[in-house]
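Here's input.cif, which has mmCIF, N, CA and C atoms:
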```cif
data_work
#
loop_
_atom_site.label_atom_id
_atom_site.label_comp_id
_atom_site.auth_asym_id
_atom_site.auth_seq_id
_atom_site.Cartn_x
_atom_site.Cartn_y
_atom_site.Cartn_z
N PRO A 143 -17.17 -10.99 3.11
CA PRO A 143 -15.98 -10.24 3.52
C PRO A 143 -14.73 -11.13 3.48
N LEU A 144 -13.67 -10.58 2.95
CA LEU A 144 -12.39 -11.28 2.91
C LEU A 144 -11.53 -10.83 4.08
N HIS A 145 -10.63 -11.71 4.50
CA HIS A 145 -9.68 -11.36 5.56
C HIS A 145 -8.29 -11.09 5.01
N GLN A 146 -8.07 -11.50 3.75
CA GLN A 146 -6.79 -11.24 3.10
C GLN A 146 -7.02 -11.12 1.60
N ALA A 147 -6.07 -10.52 0.92
CA ALA A 147 -6.19 -10.35 -0.53
C ALA A 147 -6.07 -11.69 -1.23
N VAL A 148 -6.80 -11.83 -2.32
CA VAL A 148 -6.70 -13.02 -3.16
C VAL A 148 -6.52 -12.60 -4.61
N TYR A 149 -5.86 -13.46 -5.35
CA TYR A 149 -5.61 -13.25 -6.77
C TYR A 149 -6.02 -14.54 -7.44
N PHE A 150 -6.93 -14.50 -8.40
CA PHE A 150 -7.47 -15.74 -8.93
C PHE A 150 -7.67 -15.68 -10.44
N ASP A 151 -7.72 -16.88 -11.03
CA ASP A 151 -8.01 -17.01 -12.45
C ASP A 151 -9.51 -16.91 -12.67
N THR A 152 -9.89 -16.28 -13.75
CA THR A 152 -11.30 -16.23 -14.14
C THR A 152 -11.59 -17.40 -15.07
N PRO A 153 -12.85 -17.69 -15.33
CA PRO A 153 -13.16 -18.79 -16.26
C PRO A 153 -12.49 -18.64 -17.63
N ASP A 154 -12.24 -17.40 -18.07
CA ASP A 154 -11.58 -17.21 -19.38
C ASP A 154 -10.06 -17.08 -19.25
N LYS A 155 -9.53 -17.45 -18.09
CA LYS A 155 -8.08 -17.54 -17.82
C LYS A 155 -7.39 -16.19 -17.60
N ARG A 156 -8.15 -15.13 -17.38
CA ARG A 156 -7.52 -13.87 -16.99
C ARG A 156 -7.38 -13.86 -15.47
N MET A 157 -6.61 -12.91 -14.97
CA MET A 157 -6.38 -12.82 -13.53
C MET A 157 -7.14 -11.62 -12.94
N VAL A 158 -7.67 -11.81 -11.75
CA VAL A 158 -8.41 -10.76 -11.03
C VAL A 158 -7.97 -10.79 -9.58
N PHE A 159 -7.99 -9.63 -8.93
CA PHE A 159 -7.69 -9.59 -7.51
C PHE A 159 -8.93 -9.15 -6.74
N ALA A 160 -8.97 -9.52 -5.46
CA ALA A 160 -9.98 -9.02 -4.52
C ALA A 160 -9.21 -8.66 -3.27
N ILE A 161 -9.34 -7.40 -2.84
CA ILE A 161 -8.56 -6.89 -1.71
C ILE A 161 -9.49 -6.28 -0.68
N PRO A 162 -9.48 -6.82 0.55
CA PRO A 162 -10.32 -6.23 1.60
C PRO A 162 -9.69 -4.94 2.14
N ARG A 163 -10.55 -3.98 2.41
CA ARG A 163 -10.05 -2.70 2.96
C ARG A 163 -11.19 -1.98 3.66
N ALA A 164 -11.05 -1.76 4.94
CA ALA A 164 -12.00 -0.97 5.73
C ALA A 164 -13.45 -1.44 5.54
N GLY A 165 -13.66 -2.75 5.60
CA GLY A 165 -15.01 -3.28 5.52
C GLY A 165 -15.57 -3.41 4.11
N LYS A 166 -14.80 -3.05 3.13
CA LYS A 166 -15.20 -3.16 1.71
C LYS A 166 -14.23 -4.10 1.02
N THR A 167 -14.51 -4.42 -0.23
CA THR A 167 -13.59 -5.22 -1.02
C THR A 167 -13.41 -4.58 -2.39
N TYR A 168 -12.17 -4.32 -2.75
CA TYR A 168 -11.83 -3.83 -4.09
C TYR A 168 -11.66 -5.05 -4.99
N VAL A 169 -12.21 -4.98 -6.19
CA VAL A 169 -12.08 -6.07 -7.15
C VAL A 169 -11.61 -5.50 -8.47
N GLY A 170 -10.65 -6.14 -9.10
CA GLY A 170 -10.19 -5.65 -10.39
C GLY A 170 -9.14 -6.60 -10.94
N THR A 171 -8.55 -6.35 -11.94
CA THR A 171 -8.82 -5.28 -12.90
C THR A 171 -9.28 -5.94 -14.19
N THR A 172 -9.63 -5.10 -15.13
CA THR A 172 -9.94 -5.62 -16.45
C THR A 172 -8.98 -4.97 -17.44
N ASP A 173 -8.70 -5.63 -18.49
CA ASP A 173 -7.90 -5.08 -19.58
C ASP A 173 -8.72 -5.23 -20.85
N THR A 174 -9.45 -4.19 -21.14
CA THR A 174 -10.31 -4.23 -22.32
C THR A 174 -10.07 -2.97 -23.15
N THR A 175 -10.46 -3.02 -24.39
CA THR A 175 -10.34 -1.85 -25.24
C THR A 175 -11.35 -0.82 -24.78
N TYR A 176 -10.89 0.40 -24.55
CA TYR A 176 -11.76 1.48 -24.07
C TYR A 176 -11.99 2.47 -25.19
N THR A 177 -13.24 2.76 -25.47
CA THR A 177 -13.57 3.68 -26.56
C THR A 177 -14.27 4.94 -26.07
N GLY A 178 -14.34 5.12 -24.76
CA GLY A 178 -15.00 6.30 -24.21
C GLY A 178 -14.08 7.51 -24.20
N ASN A 179 -14.42 8.48 -23.37
CA ASN A 179 -13.66 9.72 -23.24
C ASN A 179 -12.33 9.42 -22.54
N TYR A 180 -11.23 9.60 -23.27
CA TYR A 180 -9.91 9.29 -22.71
C TYR A 180 -9.51 10.25 -21.58
N GLU A 181 -10.08 11.44 -21.56
CA GLU A 181 -9.74 12.40 -20.52
C GLU A 181 -10.45 12.10 -19.20
N LYS A 182 -11.57 11.39 -19.27
CA LYS A 182 -12.33 11.05 -18.07
C LYS A 182 -12.82 9.61 -18.18
N PRO A 183 -11.89 8.65 -18.09
CA PRO A 183 -12.32 7.25 -18.24
C PRO A 183 -13.28 6.84 -17.13
N ARG A 184 -14.21 5.99 -17.47
CA ARG A 184 -15.20 5.49 -16.52
C ARG A 184 -15.31 3.98 -16.67
N MET A 185 -15.69 3.33 -15.59
CA MET A 185 -15.94 1.90 -15.65
C MET A 185 -17.10 1.66 -16.62
N THR A 186 -16.96 0.68 -17.47
CA THR A 186 -18.05 0.34 -18.38
C THR A 186 -18.95 -0.70 -17.72
N LYS A 187 -20.17 -0.76 -18.17
CA LYS A 187 -21.10 -1.78 -17.69
C LYS A 187 -20.54 -3.16 -17.97
N GLU A 188 -19.90 -3.34 -19.14
CA GLU A 188 -19.34 -4.64 -19.50
C GLU A 188 -18.23 -5.06 -18.54
N ASP A 189 -17.35 -4.12 -18.19
CA ASP A 189 -16.28 -4.44 -17.24
C ASP A 189 -16.84 -4.74 -15.86
N ARG A 190 -17.81 -3.95 -15.41
CA ARG A 190 -18.45 -4.21 -14.12
C ARG A 190 -19.04 -5.61 -14.09
N ASP A 191 -19.80 -5.94 -15.12
CA ASP A 191 -20.46 -7.25 -15.17
C ASP A 191 -19.45 -8.38 -15.25
N TYR A 192 -18.36 -8.17 -15.97
CA TYR A 192 -17.29 -9.17 -16.06
C TYR A 192 -16.73 -9.47 -14.66
N LEU A 193 -16.42 -8.42 -13.91
CA LEU A 193 -15.86 -8.61 -12.57
C LEU A 193 -16.87 -9.27 -11.64
N LEU A 194 -18.13 -8.89 -11.73
CA LEU A 194 -19.16 -9.53 -10.90
C LEU A 194 -19.27 -11.02 -11.22
N ARG A 195 -19.24 -11.37 -12.50
CA ARG A 195 -19.29 -12.79 -12.88
C ARG A 195 -18.06 -13.54 -12.35
N ALA A 196 -16.89 -12.90 -12.41
CA ALA A 196 -15.66 -13.54 -11.94
C ALA A 196 -15.74 -13.81 -10.44
N VAL A 197 -16.17 -12.84 -9.67
CA VAL A 197 -16.27 -13.02 -8.22
C VAL A 197 -17.32 -14.07 -7.89
N ASN A 198 -18.46 -14.01 -8.56
CA ASN A 198 -19.53 -14.98 -8.30
C ASN A 198 -19.13 -16.40 -8.70
N ALA A 199 -18.26 -16.54 -9.70
CA ALA A 199 -17.79 -17.87 -10.10
C ALA A 199 -16.87 -18.46 -9.02
N LEU A 200 -16.03 -17.61 -8.41
CA LEU A 200 -15.11 -18.10 -7.38
C LEU A 200 -15.79 -18.23 -6.02
N PHE A 201 -16.69 -17.30 -5.72
CA PHE A 201 -17.40 -17.28 -4.44
C PHE A 201 -18.91 -17.34 -4.69
N PRO A 202 -19.44 -18.50 -5.07
CA PRO A 202 -20.85 -18.58 -5.47
C PRO A 202 -21.85 -18.13 -4.40
N SER A 203 -21.50 -18.27 -3.14
CA SER A 203 -22.44 -17.89 -2.09
C SER A 203 -22.58 -16.38 -1.94
N VAL A 204 -21.67 -15.62 -2.52
CA VAL A 204 -21.70 -14.16 -2.39
C VAL A 204 -22.86 -13.55 -3.18
N ARG A 205 -23.08 -14.02 -4.40
CA ARG A 205 -24.18 -13.58 -5.26
C ARG A 205 -24.22 -12.06 -5.43
N LEU A 206 -23.10 -11.49 -5.84
CA LEU A 206 -23.04 -10.05 -6.06
C LEU A 206 -23.84 -9.64 -7.29
N THR A 207 -24.42 -8.46 -7.22
CA THR A 207 -25.13 -7.87 -8.36
C THR A 207 -24.63 -6.44 -8.54
N ALA A 208 -25.07 -5.79 -9.59
CA ALA A 208 -24.69 -4.40 -9.83
C ALA A 208 -25.11 -3.50 -8.67
N MET A 209 -26.15 -3.85 -7.97
CA MET A 209 -26.60 -3.05 -6.82
C MET A 209 -25.60 -3.07 -5.67
N ASP A 210 -24.70 -4.05 -5.64
CA ASP A 210 -23.69 -4.14 -4.59
C ASP A 210 -22.49 -3.25 -4.84
N VAL A 211 -22.36 -2.73 -6.06
CA VAL A 211 -21.21 -1.89 -6.40
C VAL A 211 -21.47 -0.49 -5.87
N GLU A 212 -20.60 -0.03 -4.95
CA GLU A 212 -20.77 1.28 -4.35
C GLU A 212 -19.99 2.36 -5.08
N SER A 213 -18.89 2.00 -5.69
CA SER A 213 -18.09 2.99 -6.42
C SER A 213 -17.13 2.25 -7.34
N SER A 214 -16.51 3.02 -8.20
CA SER A 214 -15.53 2.44 -9.12
C SER A 214 -14.54 3.52 -9.52
N TRP A 215 -13.43 3.09 -10.05
CA TRP A 215 -12.50 4.02 -10.68
C TRP A 215 -11.93 3.34 -11.90
N ALA A 216 -11.44 4.15 -12.79
CA ALA A 216 -10.91 3.61 -14.04
C ALA A 216 -9.68 4.40 -14.44
N GLY A 217 -8.83 3.75 -15.17
CA GLY A 217 -7.65 4.39 -15.72
C GLY A 217 -7.29 3.70 -17.01
N LEU A 218 -6.48 4.36 -17.77
CA LEU A 218 -6.06 3.80 -19.05
C LEU A 218 -4.57 3.54 -19.01
N ARG A 219 -4.19 2.32 -19.30
CA ARG A 219 -2.79 1.93 -19.30
C ARG A 219 -2.22 2.15 -20.70
N PRO A 220 -1.07 2.82 -20.80
CA PRO A 220 -0.48 3.08 -22.12
C PRO A 220 0.28 1.87 -22.65
N LEU A 221 -0.45 0.84 -23.03
CA LEU A 221 0.18 -0.37 -23.56
C LEU A 221 0.73 -0.11 -24.95
N ILE A 222 1.75 -0.83 -25.30
CA ILE A 222 2.37 -0.70 -26.62
C ILE A 222 1.63 -1.63 -27.57
N HIS A 223 1.04 -1.07 -28.59
CA HIS A 223 0.19 -1.83 -29.52
C HIS A 223 0.92 -3.02 -30.11
N GLN A 224 0.24 -4.15 -30.15
CA GLN A 224 0.74 -5.36 -30.82
C GLN A 224 -0.38 -5.84 -31.73
N GLU A 225 -0.13 -5.80 -32.99
CA GLU A 225 -1.13 -6.13 -34.01
C GLU A 225 -1.80 -7.47 -33.73
N GLY A 226 -3.14 -7.47 -33.77
CA GLY A 226 -3.90 -8.70 -33.63
C GLY A 226 -4.10 -9.19 -32.21
N LYS A 227 -3.65 -8.42 -31.22
CA LYS A 227 -3.80 -8.86 -29.83
C LYS A 227 -4.81 -8.00 -29.09
N ASP A 228 -5.60 -8.64 -28.22
CA ASP A 228 -6.52 -7.93 -27.34
C ASP A 228 -5.70 -7.32 -26.20
N PRO A 229 -6.24 -6.29 -25.53
CA PRO A 229 -5.48 -5.66 -24.45
C PRO A 229 -4.97 -6.64 -23.38
N SER A 230 -5.76 -7.65 -23.04
CA SER A 230 -5.32 -8.58 -22.00
C SER A 230 -4.17 -9.47 -22.47
N GLU A 231 -3.89 -9.53 -23.77
CA GLU A 231 -2.82 -10.36 -24.31
C GLU A 231 -1.52 -9.58 -24.57
N ILE A 232 -1.58 -8.26 -24.50
CA ILE A 232 -0.42 -7.42 -24.84
C ILE A 232 0.62 -7.46 -23.71
N SER A 233 1.87 -7.52 -24.10
CA SER A 233 2.98 -7.54 -23.15
C SER A 233 2.94 -6.30 -22.26
N ARG A 234 3.32 -6.47 -21.01
CA ARG A 234 3.38 -5.35 -20.05
C ARG A 234 4.79 -4.75 -20.00
N LYS A 235 5.66 -5.19 -20.88
CA LYS A 235 7.03 -4.66 -20.91
C LYS A 235 6.99 -3.16 -21.21
N ASP A 236 7.80 -2.41 -20.50
CA ASP A 236 7.86 -0.97 -20.77
C ASP A 236 8.98 -0.68 -21.76
N GLU A 237 8.83 0.41 -22.50
CA GLU A 237 9.84 0.85 -23.46
C GLU A 237 9.97 2.37 -23.37
N ILE A 238 11.21 2.82 -23.50
CA ILE A 238 11.50 4.25 -23.51
C ILE A 238 11.71 4.68 -24.96
N PHE A 239 11.07 5.79 -25.32
CA PHE A 239 11.18 6.31 -26.68
C PHE A 239 11.76 7.72 -26.62
N ARG A 240 12.61 8.05 -27.58
CA ARG A 240 13.15 9.41 -27.71
C ARG A 240 12.63 9.99 -29.01
N SER A 241 11.98 11.16 -28.92
CA SER A 241 11.47 11.82 -30.12
C SER A 241 12.61 12.56 -30.80
N PRO A 242 12.42 12.99 -32.05
CA PRO A 242 13.47 13.75 -32.75
C PRO A 242 13.90 15.00 -31.99
N SER A 243 12.99 15.57 -31.18
CA SER A 243 13.35 16.77 -30.41
C SER A 243 14.13 16.43 -29.14
N GLY A 244 14.21 15.12 -28.81
CA GLY A 244 14.93 14.71 -27.60
C GLY A 244 14.03 14.37 -26.43
N LEU A 245 12.73 14.58 -26.58
CA LEU A 245 11.79 14.28 -25.50
C LEU A 245 11.79 12.77 -25.22
N LEU A 246 11.93 12.41 -23.94
CA LEU A 246 11.85 11.01 -23.54
C LEU A 246 10.43 10.69 -23.11
N SER A 247 9.91 9.59 -23.59
CA SER A 247 8.58 9.11 -23.20
C SER A 247 8.71 7.65 -22.84
N ILE A 248 7.84 7.19 -21.95
CA ILE A 248 7.82 5.78 -21.60
C ILE A 248 6.40 5.28 -21.76
N ALA A 249 6.26 4.06 -22.24
CA ALA A 249 4.94 3.44 -22.41
C ALA A 249 5.03 1.99 -21.98
N GLY A 250 3.88 1.40 -21.77
CA GLY A 250 3.81 0.02 -21.32
C GLY A 250 4.00 -0.06 -19.82
N GLY A 251 4.46 -1.19 -19.36
CA GLY A 251 4.74 -1.36 -17.94
C GLY A 251 3.52 -1.73 -17.13
N LYS A 252 3.75 -1.86 -15.84
CA LYS A 252 2.72 -2.22 -14.88
C LYS A 252 2.80 -1.27 -13.70
N LEU A 253 1.69 -1.08 -13.04
CA LEU A 253 1.65 -0.19 -11.88
C LEU A 253 2.68 -0.61 -10.85
N THR A 254 2.86 -1.89 -10.65
CA THR A 254 3.81 -2.37 -9.64
C THR A 254 5.26 -2.08 -10.00
N GLY A 255 5.53 -1.73 -11.25
CA GLY A 255 6.90 -1.46 -11.67
C GLY A 255 7.20 0.00 -11.88
N TYR A 256 6.33 0.90 -11.40
CA TYR A 256 6.49 2.32 -11.72
C TYR A 256 7.80 2.91 -11.20
N ARG A 257 8.31 2.45 -10.07
CA ARG A 257 9.56 3.01 -9.55
C ARG A 257 10.75 2.65 -10.44
N LYS A 258 10.82 1.41 -10.86
CA LYS A 258 11.91 1.00 -11.76
C LYS A 258 11.79 1.68 -13.11
N MET A 259 10.56 1.88 -13.58
CA MET A 259 10.36 2.58 -14.85
C MET A 259 10.84 4.03 -14.73
N ALA A 260 10.47 4.68 -13.63
CA ALA A 260 10.89 6.08 -13.43
C ALA A 260 12.41 6.16 -13.32
N GLU A 261 13.02 5.24 -12.63
CA GLU A 261 14.48 5.21 -12.51
C GLU A 261 15.14 5.06 -13.87
N ALA A 262 14.58 4.20 -14.71
CA ALA A 262 15.17 3.99 -16.04
C ALA A 262 15.10 5.26 -16.88
N VAL A 263 13.99 5.99 -16.78
CA VAL A 263 13.86 7.24 -17.56
C VAL A 263 14.83 8.29 -17.02
N VAL A 264 14.93 8.40 -15.71
CA VAL A 264 15.86 9.38 -15.13
C VAL A 264 17.31 9.03 -15.52
N ASN A 265 17.66 7.76 -15.46
CA ASN A 265 19.01 7.35 -15.85
C ASN A 265 19.28 7.66 -17.32
N LYS A 266 18.28 7.44 -18.16
CA LYS A 266 18.43 7.73 -19.59
C LYS A 266 18.64 9.23 -19.81
N ALA A 267 17.87 10.04 -19.09
CA ALA A 267 18.00 11.50 -19.20
C ALA A 267 19.38 11.95 -18.70
N ALA A 268 19.88 11.32 -17.65
CA ALA A 268 21.16 11.70 -17.08
C ALA A 268 22.34 11.33 -18.00
N GLU A 269 22.12 10.37 -18.89
CA GLU A 269 23.17 9.98 -19.84
C GLU A 269 23.47 11.10 -20.83
N GLU A 270 22.54 11.98 -21.04
CA GLU A 270 22.69 13.03 -22.05
C GLU A 270 23.64 14.10 -21.63
#
```

Starting from the coordinates I provided, produce the structure as structure tokens.
Amino acid sequence: PLHQAVYFDTPDKRMVFAIPRAGKTYVGTTDTTYTGNYEKPRMTKEDRDYLLRAVNALFPSVRLTAMDVESSWAGLRPLIHQEGKDPSEISRKDEIFRSPSGLLSIAGGKLTGYRKMAEAVVNKAAEE
């Protein structure tokens, strides 16, 4: 059990968080290419195992296994494609796009920046 959130490097130099909440610990995230059903994304066995290895590397006495995972959730981040880069290497910068019909769309970004992203889209729409 953790008493405060931690953010740590994994052996392959990616970042993972562990957050205590109501007697449980949330661990995440992974940035991998997802090839499953985009309408109902699910945690993959590979992502689960990656996170378990990361936690066990930092906290060897914990010895987590797949049997310790009680639940999971998954989502797909609309990253802007960069040729030759894996998802974990792609920039998190957001960009606003205008279609020929005038529709504004935003892609990229990070969950922690959603308010600023929404403000930028609203400001762009208000310019019209």

Residue set, segment 146-244 of chain A restricted to strand (DSSP E), as a ChimeraX atom specification
/A:148-151,157-163,166-170,237-240

How would the residues just picked look written out with N, CA and C atoms as a tab-separated table (two decimals), in the coordinates of the input?
```tsv
chain	number	residue	atom	x	y	z
A	148	VAL	N	-6.80	-11.83	-2.32
A	148	VAL	CA	-6.70	-13.02	-3.16
A	148	VAL	C	-6.52	-12.60	-4.61
A	149	TYR	N	-5.86	-13.46	-5.35
A	149	TYR	CA	-5.61	-13.25	-6.77
A	149	TYR	C	-6.02	-14.54	-7.44
A	150	PHE	N	-6.93	-14.50	-8.40
A	150	PHE	CA	-7.47	-15.74	-8.93
A	150	PHE	C	-7.67	-15.68	-10.44
A	151	ASP	N	-7.72	-16.88	-11.03
A	151	ASP	CA	-8.01	-17.01	-12.45
A	151	ASP	C	-9.51	-16.91	-12.67
A	157	MET	N	-6.61	-12.91	-14.97
A	157	MET	CA	-6.38	-12.82	-13.53
A	157	MET	C	-7.14	-11.62	-12.94
A	158	VAL	N	-7.67	-11.81	-11.75
A	158	VAL	CA	-8.41	-10.76	-11.03
A	158	VAL	C	-7.97	-10.79	-9.58
A	159	PHE	N	-7.99	-9.63	-8.93
A	159	PHE	CA	-7.69	-9.59	-7.51
A	159	PHE	C	-8.93	-9.15	-6.74
A	160	ALA	N	-8.97	-9.52	-5.46
A	160	ALA	CA	-9.98	-9.02	-4.52
A	160	ALA	C	-9.21	-8.66	-3.27
A	161	ILE	N	-9.34	-7.40	-2.84
A	161	ILE	CA	-8.56	-6.89	-1.71
A	161	ILE	C	-9.49	-6.28	-0.68
A	162	PRO	N	-9.48	-6.82	0.55
A	162	PRO	CA	-10.32	-6.23	1.60
A	162	PRO	C	-9.69	-4.94	2.14
A	163	ARG	N	-10.55	-3.98	2.41
A	163	ARG	CA	-10.05	-2.70	2.96
A	163	ARG	C	-11.19	-1.98	3.66
A	166	LYS	N	-14.80	-3.05	3.13
A	166	LYS	CA	-15.20	-3.16	1.71
A	166	LYS	C	-14.23	-4.10	1.02
A	167	THR	N	-14.51	-4.42	-0.23
A	167	THR	CA	-13.59	-5.22	-1.02
A	167	THR	C	-13.41	-4.58	-2.39
A	168	TYR	N	-12.17	-4.32	-2.75
A	168	TYR	CA	-11.83	-3.83	-4.09
A	168	TYR	C	-11.66	-5.05	-4.99
A	169	VAL	N	-12.21	-4.98	-6.19
A	169	VAL	CA	-12.08	-6.07	-7.15
A	169	VAL	C	-11.61	-5.50	-8.47
A	170	GLY	N	-10.65	-6.14	-9.10
A	170	GLY	CA	-10.19	-5.65	-10.39
A	170	GLY	C	-9.14	-6.60	-10.94
A	237	GLU	N	8.83	0.41	-22.50
A	237	GLU	CA	9.84	0.85	-23.46
A	237	GLU	C	9.97	2.37	-23.37
A	238	ILE	N	11.21	2.82	-23.50
A	238	ILE	CA	11.50	4.25	-23.51
A	238	ILE	C	11.71	4.68	-24.96
A	239	PHE	N	11.07	5.79	-25.32
A	239	PHE	CA	11.18	6.31	-26.68
A	239	PHE	C	11.76	7.72	-26.62
A	240	ARG	N	12.61	8.05	-27.58
A	240	ARG	CA	13.15	9.41	-27.71
A	240	ARG	C	12.63	9.99	-29.01
```

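This file gives the following result for the PyMOL selection byres (((chain A and resi 251 and name CA) around 6) and name CA): Arg234, Lys235, Asp236, Gly250 and Lys252 of chain A.
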
Residue members of the PyMOL selection byres ((chain A and resi 185) around 8) in the file shown, as a PyMOL selection string
chain A and resi 182-184+186-190+214-217

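Those residues that approach Glu212 of chain A to within 12 Å, counting only C-alpha atoms, are A:Lys166, A:Thr167, A:Tyr168, A:Val169, A:Arg190, A:Leu206, A:Thr207, A:Ala208, A:Met209, A:Asp210, A:Ser214, A:Trp215; same-chain residues fewer than 2 positions away are not listed.
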
Output of the PyMOL selection byres ((chain A and resi 260-269) around 8), listed as a list in words:
Ile238, Leu246, Ser247, Ile248, Gly255, Tyr256, Arg257, Lys258, Met259 and Glu270 of chain A

If you run DSSP on the backbone, which residues of chain A are alpha helix (DSSP H), as a list in words?
Lys187, Glu188, Asp189, Arg190, Asp191, Tyr192, Leu193, Leu194, Arg195, Ala196, Val197, Asn198, Ala199, Leu200, Tyr256, Arg257, Lys258, Met259, Ala260, Glu261, Ala262, Val263, Val264, Asn265, Lys266, Ala267, Ala268 and Glu269 of chain A

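For the residues A:Thr175, A:His145, A:Gln224, A:Pro229, ranking by smallest atom-to-atom distance to Arg163 of chain A using all atoms listed in the file places A:His145 first.
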
Given the choices A:Ala199, A:Leu193, A:Ile232, A:Leu253, which gets closest to Val158 of chain A if the distance is worked out from only N, CA and C atoms?
A:Leu193

For Asp173 of chain A, which residue among A:Glu231, A:Glu237, A:Asp151, A:Glu225 is the nearest when counting all atoms listed in the file?
A:Glu231

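Here atom C of Phe159 of chain A and atom C of Ala147 of chain A stand 6.7 Å from one another.
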
Padded axis-aligned box of segment 214-223 of chain A (3 Å per side), centre and edge lengths, Å, one decimal, as JSON:
```
{"center_x": -7.1, "center_y": 0.7, "center_z": -19.2, "size_x": 24.9, "size_y": 13.4, "size_z": 27.9}
```

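If you look at atom CA of Arg205 of chain A and atom C of Thr172 of chain A, they are 21.3 Å away from each other.
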
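Nearest to Val197 of chain A of all the residues A:Asn179, A:Thr152, A:Ala249, A:Ser241 is A:Thr152, counting all atoms listed in the file.
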
Interatomic distance (Å, one decimal) between atom N of Thr254 of chain A and atom N of Gly170 of chain A
14.2 Å
